[in-house]
$ cat work-v3.pdb   # PDB, C-alpha atoms and all ligand atoms
ATOM      1  CA  MET F 267      32.729 189.229-132.862  1.00  0.00           C
ATOM      2  CA  THR F 268      29.661 187.926-131.063  1.00  0.00           C
ATOM      3  CA  LYS F 269      31.193 189.035-127.790  1.00  0.00           C
ATOM      4  CA  HIS F 270      30.766 192.712-128.659  1.00  0.00           C
ATOM      5  CA  SER F 271      27.181 192.737-129.944  1.00  0.00           C
ATOM      6  CA  LEU F 272      25.577 190.190-127.594  1.00  0.00           C
ATOM      7  CA  THR F 273      23.063 191.676-125.143  1.00  0.00           C
ATOM      8  CA  PHE F 274      20.676 190.203-122.585  1.00  0.00           C
ATOM      9  CA  ARG F 275      17.113 191.049-121.661  1.00  0.00           C
ATOM     10  CA  SER F 276      14.148 189.538-119.859  1.00  0.00           C
ATOM     11  CA  MET F 277      11.867 187.197-121.784  1.00  0.00           C
ATOM     12  CA  LEU F 278       8.358 188.505-122.507  1.00  0.00           C
ATOM     13  CA  GLU F 279       5.144 186.671-123.337  1.00  0.00           C
ATOM     14  CA  SER F 280       5.533 187.990-126.898  1.00  0.00           C
ATOM     15  CA  ASP F 281       8.924 186.172-127.208  1.00  0.00           C
ATOM     16  CA  LEU F 282       7.431 182.726-126.596  1.00  0.00           C
ATOM     17  CA  GLU F 283       6.994 181.767-130.279  1.00  0.00           C
ATOM     18  CA  GLN F 284      10.600 182.642-131.066  1.00  0.00           C
ATOM     19  CA  VAL F 285      11.952 181.006-127.906  1.00  0.00           C
ATOM     20  CA  ASN F 286      10.007 177.850-128.651  1.00  0.00           C
ATOM     21  CA  ALA F 287      11.322 177.787-132.241  1.00  0.00           C
ATOM     22  CA  VAL F 288      14.907 178.051-130.980  1.00  0.00           C
ATOM     23  CA  GLU F 289      14.274 175.382-128.352  1.00  0.00           C
ATOM     24  CA  GLN F 290      12.707 172.897-130.773  1.00  0.00           C
ATOM     25  CA  GLN F 291      15.508 173.162-133.319  1.00  0.00           C
ATOM     26  CA  SER F 292      18.410 173.321-130.882  1.00  0.00           C
ATOM     27  CA  ALA F 293      17.816 171.044-127.887  1.00  0.00           C
ATOM     28  CA  GLU F 294      17.899 167.272-128.072  1.00  0.00           C
ATOM     29  CA  HIS F 295      15.214 166.995-125.406  1.00  0.00           C
ATOM     30  CA  PRO F 296      13.336 170.281-125.816  1.00  0.00           C
ATOM     31  CA  TRP F 297      11.027 171.989-123.363  1.00  0.00           C
ATOM     32  CA  ARG F 298       7.508 172.626-124.607  1.00  0.00           C
ATOM     33  CA  LYS F 299       6.189 176.154-125.070  1.00  0.00           C
ATOM     34  CA  ALA F 300       3.956 175.678-122.014  1.00  0.00           C
ATOM     35  CA  HIS F 301       7.046 175.205-119.826  1.00  0.00           C
ATOM     36  CA  PHE F 302       8.298 178.668-120.794  1.00  0.00           C
ATOM     37  CA  SER F 303       4.857 180.177-120.394  1.00  0.00           C
ATOM     38  CA  ASP F 304       4.482 178.623-116.924  1.00  0.00           C
ATOM     39  CA  SER F 305       7.959 179.851-115.969  1.00  0.00           C
ATOM     40  CA  LEU F 306       6.987 183.417-116.849  1.00  0.00           C
ATOM     41  CA  LYS F 307       3.752 183.104-114.891  1.00  0.00           C
ATOM     42  CA  SER F 308       5.644 181.697-111.906  1.00  0.00           C
ATOM     43  CA  GLY F 309       7.946 184.700-111.860  1.00  0.00           C
ATOM     44  CA  TYR F 310      11.092 182.720-112.600  1.00  0.00           C
ATOM     45  CA  THR F 311      14.078 184.586-114.011  1.00  0.00           C
ATOM     46  CA  CYS F 312      13.672 184.087-117.772  1.00  0.00           C
ATOM     47  CA  GLU F 313      16.459 185.676-119.804  1.00  0.00           C
ATOM     48  CA  LEU F 314      17.305 185.990-123.474  1.00  0.00           C
ATOM     49  CA  ALA F 315      20.599 186.402-125.297  1.00  0.00           C
ATOM     50  CA  VAL F 316      20.112 188.739-128.249  1.00  0.00           C
ATOM     51  CA  LEU F 317      22.512 189.203-131.119  1.00  0.00           C
ATOM     52  CA  ASP F 318      21.755 192.065-133.512  1.00  0.00           C
ATOM     53  CA  CYS F 319      18.042 192.022-132.559  1.00  0.00           C
ATOM     54  CA  ARG F 320      17.805 188.248-133.027  1.00  0.00           C
ATOM     55  CA  VAL F 321      17.064 185.955-130.076  1.00  0.00           C
ATOM     56  CA  VAL F 322      19.904 183.403-130.065  1.00  0.00           C
ATOM     57  CA  GLY F 323      19.599 181.851-126.607  1.00  0.00           C
ATOM     58  CA  HIS F 324      17.448 181.560-123.517  1.00  0.00           C
ATOM     59  CA  SER F 325      17.733 180.464-119.925  1.00  0.00           C
ATOM     60  CA  VAL F 326      15.298 180.036-117.048  1.00  0.00           C
ATOM     61  CA  MET F 327      16.312 180.141-113.388  1.00  0.00           C
ATOM     62  CA  MET F 328      14.391 179.648-110.168  1.00  0.00           C
ATOM     63  CA  MET F 329      15.550 181.367-106.975  1.00  0.00           C
ATOM     64  CA  ALA F 330      14.561 180.666-103.386  1.00  0.00           C
ATOM     65  CA  ALA F 331      16.173 180.969 -99.969  1.00  0.00           C
ATOM     66  CA  GLY F 332      19.592 182.044-101.229  1.00  0.00           C
ATOM     67  CA  GLU F 333      19.788 179.227-103.760  1.00  0.00           C
ATOM     68  CA  ALA F 334      19.350 179.519-107.536  1.00  0.00           C
ATOM     69  CA  SER F 335      18.665 176.650-109.958  1.00  0.00           C
ATOM     70  CA  ILE F 336      19.057 176.885-113.703  1.00  0.00           C
ATOM     71  CA  LEU F 337      16.203 174.934-115.260  1.00  0.00           C
ATOM     72  CA  ILE F 338      17.201 175.370-118.878  1.00  0.00           C
ATOM     73  CA  LEU F 339      19.891 176.993-121.000  1.00  0.00           C
ATOM     74  CA  THR F 340      19.832 176.725-124.784  1.00  0.00           C
ATOM     75  CA  VAL F 341      21.678 178.434-127.626  1.00  0.00           C
ATOM     76  CA  ASP F 342      20.214 178.503-131.149  1.00  0.00           C
ATOM     77  CA  LYS F 343      21.893 175.763-133.157  1.00  0.00           C
ATOM     78  CA  PRO F 344      23.493 177.942-135.878  1.00  0.00           C
ATOM     79  CA  PHE F 345      24.993 180.123-133.132  1.00  0.00           C
ATOM     80  CA  GLN F 346      26.422 177.373-130.950  1.00  0.00           C
ATOM     81  CA  ARG F 347      30.141 177.113-130.171  1.00  0.00           C
ATOM     82  CA  GLN F 348      30.642 180.867-130.502  1.00  0.00           C
ATOM     83  CA  GLY F 349      30.845 181.639-126.789  1.00  0.00           C
ATOM     84  CA  ILE F 350      27.163 182.572-126.373  1.00  0.00           C
ATOM     85  CA  GLY F 351      26.317 179.733-123.972  1.00  0.00           C
ATOM     86  CA  ARG F 352      29.217 180.727-121.745  1.00  0.00           C
ATOM     87  CA  GLN F 353      28.173 184.392-121.700  1.00  0.00           C
ATOM     88  CA  LEU F 354      24.534 183.497-121.035  1.00  0.00           C
ATOM     89  CA  LEU F 355      25.588 181.274-118.131  1.00  0.00           C
ATOM     90  CA  GLN F 356      27.762 184.084-116.723  1.00  0.00           C
ATOM     91  CA  HIS F 357      24.794 186.437-117.073  1.00  0.00           C
ATOM     92  CA  MET F 358      22.579 184.028-115.081  1.00  0.00           C
ATOM     93  CA  LEU F 359      25.283 183.758-112.397  1.00  0.00           C
ATOM     94  CA  HIS F 360      25.358 187.541-112.223  1.00  0.00           C
ATOM     95  CA  LYS F 361      21.550 187.734-111.905  1.00  0.00           C
ATOM     96  CA  ALA F 362      21.612 185.139-109.122  1.00  0.00           C
ATOM     97  CA  GLY F 363      24.333 187.103-107.306  1.00  0.00           C
ATOM     98  CA  GLN F 364      22.312 190.307-107.620  1.00  0.00           C
ATOM     99  CA  SER F 365      19.455 188.518-105.851  1.00  0.00           C
ATOM    100  CA  ALA F 366      21.788 187.546-103.004  1.00  0.00           C
ATOM    101  CA  CYS F 367      21.928 183.868-103.952  1.00  0.00           C
ATOM    102  CA  GLU F 368      25.023 182.114-102.674  1.00  0.00           C
ATOM    103  CA  THR F 369      24.800 178.912-104.675  1.00  0.00           C
ATOM    104  CA  LEU F 370      23.785 178.066-108.215  1.00  0.00           C
ATOM    105  CA  LEU F 371      22.650 174.517-108.950  1.00  0.00           C
ATOM    106  CA  LEU F 372      21.748 172.701-112.144  1.00  0.00           C
ATOM    107  CA  GLU F 373      21.224 169.228-113.522  1.00  0.00           C
ATOM    108  CA  VAL F 374      22.666 167.879-116.734  1.00  0.00           C
ATOM    109  CA  ARG F 375      22.123 164.624-118.587  1.00  0.00           C
ATOM    110  CA  ARG F 376      25.118 162.301-118.322  1.00  0.00           C
ATOM    111  CA  SER F 377      25.295 162.152-122.146  1.00  0.00           C
ATOM    112  CA  ASN F 378      25.355 165.950-122.570  1.00  0.00           C
ATOM    113  CA  ILE F 379      29.114 166.368-122.794  1.00  0.00           C
ATOM    114  CA  ARG F 380      28.903 169.857-124.352  1.00  0.00           C
ATOM    115  CA  ALA F 381      26.914 171.295-121.468  1.00  0.00           C
ATOM    116  CA  PHE F 382      28.894 169.346-118.853  1.00  0.00           C
ATOM    117  CA  ASN F 383      32.165 170.762-120.247  1.00  0.00           C
ATOM    118  CA  LEU F 384      30.758 174.287-120.213  1.00  0.00           C
ATOM    119  CA  TYR F 385      29.631 174.005-116.584  1.00  0.00           C
ATOM    120  CA  LEU F 386      32.947 172.468-115.467  1.00  0.00           C
ATOM    121  CA  ASP F 387      34.838 175.192-117.282  1.00  0.00           C
ATOM    122  CA  GLU F 388      32.746 177.862-115.530  1.00  0.00           C
ATOM    123  CA  GLY F 389      33.611 176.536-112.082  1.00  0.00           C
ATOM    124  CA  PHE F 390      30.749 174.124-111.376  1.00  0.00           C
ATOM    125  CA  SER F 391      31.548 170.828-109.735  1.00  0.00           C
ATOM    126  CA  GLU F 392      29.660 167.584-109.588  1.00  0.00           C
ATOM    127  CA  ILE F 393      27.846 167.209-106.252  1.00  0.00           C
ATOM    128  CA  GLY F 394      25.604 164.232-106.908  1.00  0.00           C
ATOM    129  CA  ILE F 395      23.859 161.875-109.294  1.00  0.00           C
ATOM    130  CA  ARG F 396      20.128 161.320-109.743  1.00  0.00           C
ATOM    131  CA  LYS F 397      19.947 157.774-111.033  1.00  0.00           C
ATOM    132  CA  ASN F 398      17.634 157.163-114.020  1.00  0.00           C
ATOM    133  CA  TYR F 399      16.258 160.679-113.734  1.00  0.00           C
ATOM    134  CA  TYR F 400      15.566 161.620-117.366  1.00  0.00           C
ATOM    135  CA  PRO F 401      13.571 159.641-119.911  1.00  0.00           C
ATOM    136  CA  MET F 402      15.648 158.700-122.972  1.00  0.00           C
ATOM    137  CA  GLY F 403      13.655 156.691-125.514  1.00  0.00           C
ATOM    138  CA  ASN F 404      12.821 153.367-123.886  1.00  0.00           C
ATOM    139  CA  HIS F 405      15.472 153.848-121.240  1.00  0.00           C
ATOM    140  CA  ARG F 406      16.270 156.380-118.584  1.00  0.00           C
ATOM    141  CA  GLU F 407      19.379 158.431-118.079  1.00  0.00           C
ATOM    142  CA  ASP F 408      21.192 159.725-114.985  1.00  0.00           C
ATOM    143  CA  ALA F 409      21.240 163.419-114.122  1.00  0.00           C
ATOM    144  CA  ILE F 410      24.505 164.866-112.861  1.00  0.00           C
ATOM    145  CA  VAL F 411      23.821 167.518-110.226  1.00  0.00           C
ATOM    146  CA  MET F 412      26.330 170.371-110.348  1.00  0.00           C
ATOM    147  CA  ALA F 413      26.803 173.462-108.206  1.00  0.00           C
ATOM    148  CA  THR F 414      28.969 176.529-107.882  1.00  0.00           C
ATOM    149  CA  GLU F 415      29.351 179.155-105.194  1.00  0.00           C
ATOM    150  CA  ILE F 416      28.481 182.669-106.301  1.00  0.00           C
ATOM    151  CA  ASN F 417      30.978 185.410-105.541  1.00  0.00           C
ATOM    152  CA  CYS F 418      28.938 188.540-105.092  1.00  0.00           C
TER
HETATM  153  C1  LIG F 501      25.285 173.451-124.130  1.00  0.00           C
HETATM  154  C2  LIG F 501      25.139 174.750-124.916  1.00  0.00           C
HETATM  155  C3  LIG F 501      24.211 175.705-124.174  1.00  0.00           C
HETATM  156  C4  LIG F 501      26.529 175.411-125.047  1.00  0.00           C
HETATM  157  O1  LIG F 501      26.360 176.674-125.699  1.00  0.00           O
HETATM  158  P1  LIG F 501      27.435 177.199-126.760  1.00  0.00           P
HETATM  159  O2  LIG F 501      27.120 178.598-127.071  1.00  0.00           O
HETATM  160  O3  LIG F 501      27.478 176.253-127.905  1.00  0.00           O
HETATM  161  O4  LIG F 501      28.767 177.043-125.921  1.00  0.00           O
HETATM  162  P2  LIG F 501      30.062 178.000-125.950  1.00  0.00           P
HETATM  163  O5  LIG F 501      30.436 178.309-127.363  1.00  0.00           O
HETATM  164  O6  LIG F 501      29.846 179.143-125.027  1.00  0.00           O
HETATM  165  O7  LIG F 501      31.149 177.007-125.386  1.00  0.00           O
HETATM  166  C5  LIG F 501      31.518 177.025-124.034  1.00  0.00           C
HETATM  167  C6  LIG F 501      32.164 175.715-123.671  1.00  0.00           C
HETATM  168  O8  LIG F 501      31.204 174.669-123.714  1.00  0.00           O
HETATM  169  C7  LIG F 501      31.837 173.450-124.112  1.00  0.00           C
HETATM  170  N1  LIG F 501      31.326 173.045-125.418  1.00  0.00           N
HETATM  171  C8  LIG F 501      30.458 173.747-126.204  1.00  0.00           C
HETATM  172  N2  LIG F 501      30.219 173.041-127.334  1.00  0.00           N
HETATM  173  C9  LIG F 501      30.928 171.898-127.248  1.00  0.00           C
HETATM  174  C10 LIG F 501      31.088 170.757-128.099  1.00  0.00           C
HETATM  175  N3  LIG F 501      30.448 170.669-129.281  1.00  0.00           N
HETATM  176  N4  LIG F 501      31.878 169.747-127.667  1.00  0.00           N
HETATM  177  C11 LIG F 501      32.513 169.818-126.487  1.00  0.00           C
HETATM  178  N5  LIG F 501      32.419 170.877-125.630  1.00  0.00           N
HETATM  179  C12 LIG F 501      31.641 171.892-126.023  1.00  0.00           C
HETATM  180  C13 LIG F 501      33.318 173.783-124.225  1.00  0.00           C
HETATM  181  O9  LIG F 501      33.900 173.629-122.936  1.00  0.00           O
HETATM  182  C14 LIG F 501      33.254 175.248-124.598  1.00  0.00           C
HETATM  183  O10 LIG F 501      34.433 175.941-124.328  1.00  0.00           O
HETATM  184  P3  LIG F 501      35.546 176.093-125.511  1.00  0.00           P
HETATM  185  O11 LIG F 501      34.832 176.582-126.740  1.00  0.00           O
HETATM  186  O12 LIG F 501      36.512 177.086-124.930  1.00  0.00           O
HETATM  187  O13 LIG F 501      36.117 174.722-125.706  1.00  0.00           O
HETATM  188  C15 LIG F 501      24.616 174.478-126.364  1.00  0.00           C
HETATM  189  O14 LIG F 501      25.401 173.471-126.951  1.00  0.00           O
HETATM  190  C16 LIG F 501      23.139 174.067-126.426  1.00  0.00           C
HETATM  191  O15 LIG F 501      22.258 174.918-126.463  1.00  0.00           O
HETATM  192  N6  LIG F 501      22.888 172.727-126.448  1.00  0.00           N
HETATM  193  C17 LIG F 501      21.502 172.227-126.544  1.00  0.00           C
HETATM  194  C18 LIG F 501      20.709 172.475-125.269  1.00  0.00           C
HETATM  195  C19 LIG F 501      21.429 171.938-124.045  1.00  0.00           C
HETATM  196  O16 LIG F 501      21.929 170.817-124.042  1.00  0.00           O
HETATM  197  N7  LIG F 501      21.458 172.766-122.962  1.00  0.00           N
HETATM  198  C20 LIG F 501      22.045 172.393-121.698  1.00  0.00           C
HETATM  199  C21 LIG F 501      21.045 171.674-120.859  1.00  0.00           C
HETATM  200  S1  LIG F 501      21.736 171.239-119.256  1.00  0.00           S
END
$ encode --input "work-v3.pdb" --output "structure tokens"
Amino acid sequence: MTKHSLTFRSMLESDLEQVNAVEQQSAEHPWRKAHFSDSLKSGYTCELAVLDCRVVGHSVMMMAAGEASILILTVDKPFQRQGIGRQLLQHMLHKAGQSACETLLLEVRRSNIRAFNLYLDEGFSEIGIRKNYYPMGNHREDAIVMATEINC
């Protein structure tokens, strides 16, 4: 059902409130609104997944020298596990390919099994570990670095 009515568009300054609301209620370690605002100002690729006029997901990607990096990808909690994250990731891969990027990289917390499974399923493989990279309460958590080649 969602597959047919899901569309994608670029994030605008006027979307920031809504994006931040989705982020705060859906991500375990949410970005702050300023991160999204800075990403827009920096000219990063900031994309939204929209279902029947409602923003249900967002992703931010940085591209340089033929390499793209996804900085964040979040689906609104009530809309998770309906295939939206997968379609948003495929959309970001497509955008990176359109900009002649050959590789797409990302980092995921070791404990984030949902995201890790999605990335594995979409052809990413683990290429490294950043030890104790993310703060997690009083501790720190490893980041798994993943990458996929982009077929233009
Ligand atoms: C990770 C996230 C983006 C996935 O989005 P989603 O729309 O729920 O995912 P999809 O429905 O497209 O599922 C795609 C695949 O992801 C994996 N997955 C998604 N939810 C999962 C869950 N609860 N448990 C295990 N695997 C899961 C599965 O491999 C799934 O494929 P399947 O349904 O065929 O088994 C979403 O859970 C989210 O926004 N989480 C909070 C923010 C976050 O952690 N972002 C990633 C930062 S690196």
$ closest_residue --input "work-v3.pdb" --among "F:Leu359, F:Leu282, F:Val374, F:Leu272" --to "Leu306 of chain F" --atoms "all atoms listed in the file"
F:Leu282
$ residues_around --input "work-v3.pdb" --residues "Arg298 of chain F" --least-positions-apart "4" --cutoff "9 Å" --atoms "all atoms listed in the file" --output "NGL selection string"
:F and (286 or 289-290 or 302)
$ closest_residue --input "work-v3.pdb" --among "F:Gly332, F:Asp304, F:Val316, F:Arg375" --to "Asn398 of chain F" --atoms "all atoms listed in the file"
F:Arg375
$ atom_distance --input "work-v3.pdb" --atom1 "atom CA of Asp281 of chain F" --atom2 "atom CA of Glu294 of chain F"
20.9 Å
$ resolve_selection --input "work-v3.pdb" --expression "the PyMOL selection byres (((not hetatm)) within 8 of (chain F and resi 501))" --output "JSON list (two decimals) with C-alpha atoms, in the coordinates of the input"
[["chain", "number", "residue", "atom", "x", "y", "z"],
["F", 289, "GLU", "CA", 14.27, 175.38, -128.35],
["F", 292, "SER", "CA", 18.41, 173.32, -130.88],
["F", 293, "ALA", "CA", 17.82, 171.04, -127.89],
["F", 294, "GLU", "CA", 17.90, 167.27, -128.07],
["F", 295, "HIS", "CA", 15.21, 167.00, -125.41],
["F", 296, "PRO", "CA", 13.34, 170.28, -125.82],
["F", 323, "GLY", "CA", 19.60, 181.85, -126.61],
["F", 337, "LEU", "CA", 16.20, 174.93, -115.26],
["F", 338, "ILE", "CA", 17.20, 175.37, -118.88],
["F", 339, "LEU", "CA", 19.89, 176.99, -121.00],
["F", 340, "THR", "CA", 19.83, 176.72, -124.78],
["F", 341, "VAL", "CA", 21.68, 178.43, -127.63],
["F", 342, "ASP", "CA", 20.21, 178.50, -131.15],
["F", 343, "LYS", "CA", 21.89, 175.76, -133.16],
["F", 345, "PHE", "CA", 24.99, 180.12, -133.13],
["F", 346, "GLN", "CA", 26.42, 177.37, -130.95],
["F", 347, "ARG", "CA", 30.14, 177.11, -130.17],
["F", 348, "GLN", "CA", 30.64, 180.87, -130.50],
["F", 349, "GLY", "CA", 30.84, 181.64, -126.79],
["F", 350, "ILE", "CA", 27.16, 182.57, -126.37],
["F", 351, "GLY", "CA", 26.32, 179.73, -123.97],
["F", 352, "ARG", "CA", 29.22, 180.73, -121.74],
["F", 353, "GLN", "CA", 28.17, 184.39, -121.70],
["F", 354, "LEU", "CA", 24.53, 183.50, -121.04],
["F", 372, "LEU", "CA", 21.75, 172.70, -112.14],
["F", 373, "GLU", "CA", 21.22, 169.23, -113.52],
["F", 374, "VAL", "CA", 22.67, 167.88, -116.73],
["F", 375, "ARG", "CA", 22.12, 164.62, -118.59],
["F", 378, "ASN", "CA", 25.36, 165.95, -122.57],
["F", 379, "ILE", "CA", 29.11, 166.37, -122.79],
["F", 380, "ARG", "CA", 28.90, 169.86, -124.35],
["F", 381, "ALA", "CA", 26.91, 171.30, -121.47],
["F", 382, "PHE", "CA", 28.89, 169.35, -118.85],
["F", 383, "ASN", "CA", 32.16, 170.76, -120.25],
["F", 384, "LEU", "CA", 30.76, 174.29, -120.21],
["F", 385, "TYR", "CA", 29.63, 174.00, -116.58],
["F", 386, "LEU", "CA", 32.95, 172.47, -115.47],
["F", 387, "ASP", "CA", 34.84, 175.19, -117.28]]
$ atom_distance --input "work-v3.pdb" --atom1 "atom CA of His357 of chain F" --atom2 "atom CA of Lys299 of chain F"
22.7 Å
$ resolve_selection --input "work-v3.pdb" --expression "the PyMOL selection byres (((chain F and resi 310) around 12) and not hetatm)" --output "ChimeraX atom specification"
/F:276-278,301-309,311-313,325-330,334-338,358,361-362
$ residues_around --input "work-v3.pdb" --residues "Pro344 of chain F" --least-positions-apart "6" --cutoff "10 Å" --atoms "only C-alpha atoms" --output "PyMOL selection string"
chain F and resi 288+291-292+322
$ residues_around --input "work-v3.pdb" --residues "Gly363 of chain F" --least-positions-apart "6" --cutoff "10 Å" --atoms "all atoms listed in the file" --output "VMD selection string"
chain F and resid 332 to 334 357 369 to 370 415 to 418
$ axis_aligned_box --input "work-v3.pdb" --around "segment 283-292 of chain F" --padding-each-side "8 Å" --output "AutoDock Vina command-line options"
--center_x 12.7 --center_y 177.8 --center_z -130.6 --size_x 27.4 --size_y 25.7 --size_z 21.4
$ resolve_selection --input "work-v3.pdb" --expression "the PyMOL selection byres (((chain F and resi 318) around 9) and not hetatm)" --output "PyMOL selection string"
chain F and resi 271-273+316-317+319-321
$ atom_distance --input "work-v3.pdb" --atom1 "atom CA of Leu355 of chain F" --atom2 "atom CA of Ser377 of chain F"
19.5 Å
$ residues_near_point --input "work-v3.pdb" --point "(26.8, 164.1, -109.6)" --cutoff "8 Å" --atoms "only C-alpha atoms" --output "short mmCIF file (atom, residue, chain, number, x, y, z; two decimals) with C-alpha atoms, keeping the file's coordinate frame"
data_model
loop_
_atom_site.label_atom_id
_atom_site.label_comp_id
_atom_site.auth_asym_id
_atom_site.auth_seq_id
_atom_site.Cartn_x
_atom_site.Cartn_y
_atom_site.Cartn_z
CA GLU F 392 29.66 167.58 -109.59
CA ILE F 393 27.85 167.21 -106.25
CA GLY F 394 25.60 164.23 -106.91
CA ILE F 395 23.86 161.88 -109.29
CA ARG F 396 20.13 161.32 -109.74
CA ALA F 409 21.24 163.42 -114.12
CA ILE F 410 24.50 164.87 -112.86
CA VAL F 411 23.82 167.52 -110.23
CA MET F 412 26.33 170.37 -110.35
#
